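Before any comments, here is the structure.
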Amino acid sequence: MWIAVSRFGYLRSELTEHGSPDDQAHAFTDLLDELGLRRVSALAMSGGVPPALQFGELYPDRVDRMVLLSSAPFTPFSPDVEGRPIPSWVYGALLGNDVVYWLLTPVARGGLEQTFDARTDLREALSSEEEAFIRRLVDEFLPASKRVVGVGNEGAAVDPSIVYQLEAIEAPTLVVHAWDDRLNPFAVGEAIAEGVPIARFIALDHGGHLLLGHHADVKCIIADFLSGLTDNN
């Protein structure tokens, strides 16, 4: 069974007063209590990683294993990332207006795909499944306006007042990050793998933020990891 949650400010998940990653971790636990679930494995990607780290740190008895993909910056990393496909203000413009996003979908699809780091150089010889994944990612992003509050809250992960104690995470953790991720620095995934006591790090030479060209292999690795079939060190 999979339980998919929207972080604060995304879709129908309201932004709390603080909207911090540790607040989100507490909300995860409240949800598990409501569902009557004592212990789960957690899979997080990009901006979902900081609250997942807080969840693993604050509630080690509730987390069996963690899988962290293309991790977003968290304290003490900076929110500023060099080499992003488009300036940060463009993301706000796209997300704030559903009509603009909808109009751009048929006439500037390539540009929209670039915002997700689906670059042309990463798409040579992609499988039909991965090409379909990219199309769905662009098409199903509407209503974009329902995500703008969440995007505006991403900076909460790098709040200097929040301390991430990676060494307190007891769950075996799988970290996957591509060297050429243009949305989130490779160094973030590297730091997690070095800081979490029981971690396995898969560093991909290419694939960008979406790990393109590796979906089939990564899915198999994740399945084996979650089922306990692979060594965690």
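Letters A, B, ... go to the chains of the structure tokens in the order shown; residues in each chain start at 1; ligands are counted from 1 in the same order.
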(request) Show which residues sit within 7 Å of segment 137-147 of chain A, as a VMD selection string. Count only C-alpha atoms, and ignore same-chain residues fewer than 3 positions away. (result) chain A and resid 9 to 11 95 to 98 112 to 113 133 to 134 150 to 151
(request) Write down as a PyMOL selection string the residues of segment 16-207 of chain A whose backbone DSSP state falls under strand (DSSP E). (result) chain A and resi 40-45+63-69+173-178+199-204
(message) Which residues are close to segment 53-68 of chain A, i.e. within 9 Å by only C-alpha atoms, leaving aside same-chain residues fewer than 5 positions away? Reply as an MDAnalysis selection string.
(response) chainID A and resid 21:26 28:29 32 37:46 48 164:177 189 222 225:226
(message) Can you tell me which residues surround Thr120 of chain A at a distance of at most 12 Å, considering only C-alpha atoms, apart from same-chain residues fewer than 3 positions away, and format the answer as a PyMOL selection string?
(response) chain A and resi 85+110-111+113-117+123-126+131+134+207-208+212
(message) Counting only C-alpha atoms, which residue out of A:Val49, A:Ala4, A:Arg135, A:Leu210 sits closest to Leu183 of chain A?
(response)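 With only C-alpha atoms as the atom set, the closest residue is A:Leu210.
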(message) Can you tell me, as a PyMOL selection string, which residues in segment 89-211 of chain A count as alpha helix (DSSP H) by DSSP?
(response) chain A and resi 89-95+98-107+109-115+128-139+148-152+186-195
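Among the candidates A:Leu69, A:Ser13, A:Val81, A:Val99, the one nearest to Val218 of chain A when counting only C-alpha atoms is A:Leu69.
If you measure from each of A:Val148, A:Ile3, A:Cys220, A:Ile202 to Ser70 of chain A using only C-alpha atoms, the closest one turns out to be A:Ile202.
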(request) Determine the nearest neighbour of Asp80 of chain A from the options A:Ser6, A:Val158, A:Glu190, A:Pro50, counting only C-alpha atoms. (result)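 Smallest distance to Asp80 of chain A is found for A:Val158.
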